[in-house]
Amino acid sequence: MMDPAEAPAAIEFRRFSVLPHRRELLTEGRPIELGGRAFDILLALIEASGAVVSKDALMNRVWPGRIVEENSLQAQISALRRAFGADRDLIRTIAGRGYQFTGQIRTVSVGPHAPVSYTHLRAHETGRN
């Protein structure tokens, strides 16, 4: 899980930005309404850097210590895909295993003594950012 003190100022992919400290998802600078659980799932998928995240791992992170049905997770994934609209392919379902974030990620870090820096965490996807 991302430590809030170490979270980047922004995480960018395609036309979207995630602002972890504000718990916001933006598209082209405009806020997108997204529930807290969907936001937590999005962060978990981004933090996995392209690895498949199991359904159990996501449920344990988003609903710790609670027994929830798998359809609760599916509803949050659907909410994320709706928020992404035409870019709904940013989240892949891996049958029998879990979910994978497929976007090319750039983190934007702004520190008190550092200029804005861009770091490419994943570069397997070309042409679309």
# chains A, B, ... in the order shown; residues from 1 in each chain; ligands from 1

$ residues_around --residues "region 94-99 of chain A" --least-positions-apart "2" --cutoff "7 Å" --atoms "only C-alpha atoms" --output "PyMOL selection string"
chain A and resi 52-55+91-92+101

$ write_last_selection --atoms "N, CA and C atoms" --output "mmCIF file, in the first residue's frame"
data_model
loop_
_atom_site.group_PDB
_atom_site.id
_atom_site.type_symbol
_atom_site.label_atom_id
_atom_site.label_comp_id
_atom_site.auth_asym_id
_atom_site.auth_seq_id
_atom_site.Cartn_x
_atom_site.Cartn_y
_atom_site.Cartn_z
ATOM 1 N N VAL A 52 -0.679 -8.680 -12.339
ATOM 2 C CA VAL A 52 -2.065 -9.047 -12.061
ATOM 3 C C VAL A 52 -2.257 -9.008 -10.542
ATOM 4 N N VAL A 53 -3.344 -8.376 -10.117
ATOM 5 C CA VAL A 53 -3.687 -8.314 -8.692
ATOM 6 C C VAL A 53 -4.882 -9.239 -8.499
ATOM 7 N N SER A 54 -4.738 -10.190 -7.590
ATOM 8 C CA SER A 54 -5.806 -11.170 -7.383
ATOM 9 C C SER A 54 -7.045 -10.510 -6.796
ATOM 10 N N LYS A 55 -8.166 -11.145 -7.051
ATOM 11 C CA LYS A 55 -9.428 -10.654 -6.495
ATOM 12 C C LYS A 55 -9.362 -10.652 -4.973
ATOM 13 N N ILE A 91 -8.189 -1.287 -17.579
ATOM 14 C CA ILE A 91 -8.276 -2.385 -16.612
ATOM 15 C C ILE A 91 -8.663 -3.649 -17.357
ATOM 16 N N ARG A 92 -7.766 -4.625 -17.312
ATOM 17 C CA ARG A 92 -8.007 -5.932 -17.945
ATOM 18 C C ARG A 92 -8.448 -6.929 -16.901
ATOM 19 N N PHE A 101 -3.831 -3.414 -14.422
ATOM 20 C CA PHE A 101 -3.844 -2.067 -14.967
ATOM 21 C C PHE A 101 -2.882 -2.040 -16.139
#

$ select_by_dssp --residues "region 36-70 of chain A" --states "alpha helix (DSSP H)" --output "VMD selection string"
chain A and resid 36 to 47 55 to 62 70

$ write_last_selection --atoms "C-alpha atoms" --output "PDB file, in the first residue's frame"
ATOM      1  CA  GLY A  36     -13.728   5.644  -2.187  1.00  0.00           C
ATOM      2  CA  ARG A  37     -13.626   1.904  -2.758  1.00  0.00           C
ATOM      3  CA  ALA A  38     -13.216   2.284  -6.522  1.00  0.00           C
ATOM      4  CA  PHE A  39     -10.412   4.788  -5.867  1.00  0.00           C
ATOM      5  CA  ASP A  40      -8.678   2.318  -3.515  1.00  0.00           C
ATOM      6  CA  ILE A  41      -8.907  -0.406  -6.159  1.00  0.00           C
ATOM      7  CA  LEU A  42      -7.467   1.941  -8.775  1.00  0.00           C
ATOM      8  CA  LEU A  43      -4.500   2.772  -6.530  1.00  0.00           C
ATOM      9  CA  ALA A  44      -3.893  -0.918  -5.792  1.00  0.00           C
ATOM     10  CA  LEU A  45      -3.866  -1.731  -9.510  1.00  0.00           C
ATOM     11  CA  ILE A  46      -1.554   1.183 -10.310  1.00  0.00           C
ATOM     12  CA  GLU A  47       0.836   0.251  -7.489  1.00  0.00           C
ATOM     13  CA  LYS A  55      -9.428 -10.654  -6.495  1.00  0.00           C
ATOM     14  CA  ASP A  56      -8.663 -11.754  -2.928  1.00  0.00           C
ATOM     15  CA  ALA A  57      -5.859  -9.199  -2.586  1.00  0.00           C
ATOM     16  CA  LEU A  58      -8.133  -6.418  -3.811  1.00  0.00           C
ATOM     17  CA  MET A  59     -10.983  -7.452  -1.519  1.00  0.00           C
ATOM     18  CA  ASN A  60      -8.640  -7.683   1.475  1.00  0.00           C
ATOM     19  CA  ARG A  61      -7.300  -4.206   0.776  1.00  0.00           C
ATOM     20  CA  VAL A  62     -10.605  -2.488   0.124  1.00  0.00           C
ATOM     21  CA  GLU A  70     -17.098 -11.040  -5.353  1.00  0.00           C
TER      22      GLU A  70
END

$ atom_distance --atom1 "CA of Gly85 (chain A)" --atom2 "CA of Pro64 (chain A)"
28.8 Å

$ closest_atom_pairs --of "region 59-89 of chain A" --to "region 17-27 of chain A" --cutoff "12 Å" --atoms "only C-alpha atoms" --output "JSON lines"
{"residue": "A:Leu80", "atom": "CA", "partner": "A:Leu25", "partner_atom": "CA", "distance": 10.1}
{"residue": "A:Ala83", "atom": "CA", "partner": "A:Leu25", "partner_atom": "CA", "distance": 9.0}
{"residue": "A:Phe84", "atom": "CA", "partner": "A:Thr27", "partner_atom": "CA", "distance": 8.5}
{"residue": "A:Gly85", "atom": "CA", "partner": "A:Thr27", "partner_atom": "CA", "distance": 10.4}
{"residue": "A:Ala86", "atom": "CA", "partner": "A:Thr27", "partner_atom": "CA", "distance": 11.9}
{"residue": "A:Asp87", "atom": "CA", "partner": "A:Thr27", "partner_atom": "CA", "distance": 10.9}

$ closest_residue --among "A:Glu33, A:Glu28, A:Ser49, A:Thr93" --to "Ile105 (chain A)" --atoms "only C-alpha atoms"
A:Ser49

$ atom_distance --atom1 "CA of Gly35 (chain A)" --atom2 "CA of Ala75 (chain A)"
11.1 Å

$ atom_distance --atom1 "CA of Gly103 (chain A)" --atom2 "CA of Arg82 (chain A)"
15.9 Å

$ closest_residue --among "A:Ile77, A:Ala48, A:Asp89, A:Gln104" --to "Arg14 (chain A)" --atoms "only C-alpha atoms"
A:Gln104

$ closest_residue --among "A:Leu34, A:Ser109, A:Phe13, A:Arg66" --to "Arg81 (chain A)" --atoms "only C-alpha atoms"
A:Leu34
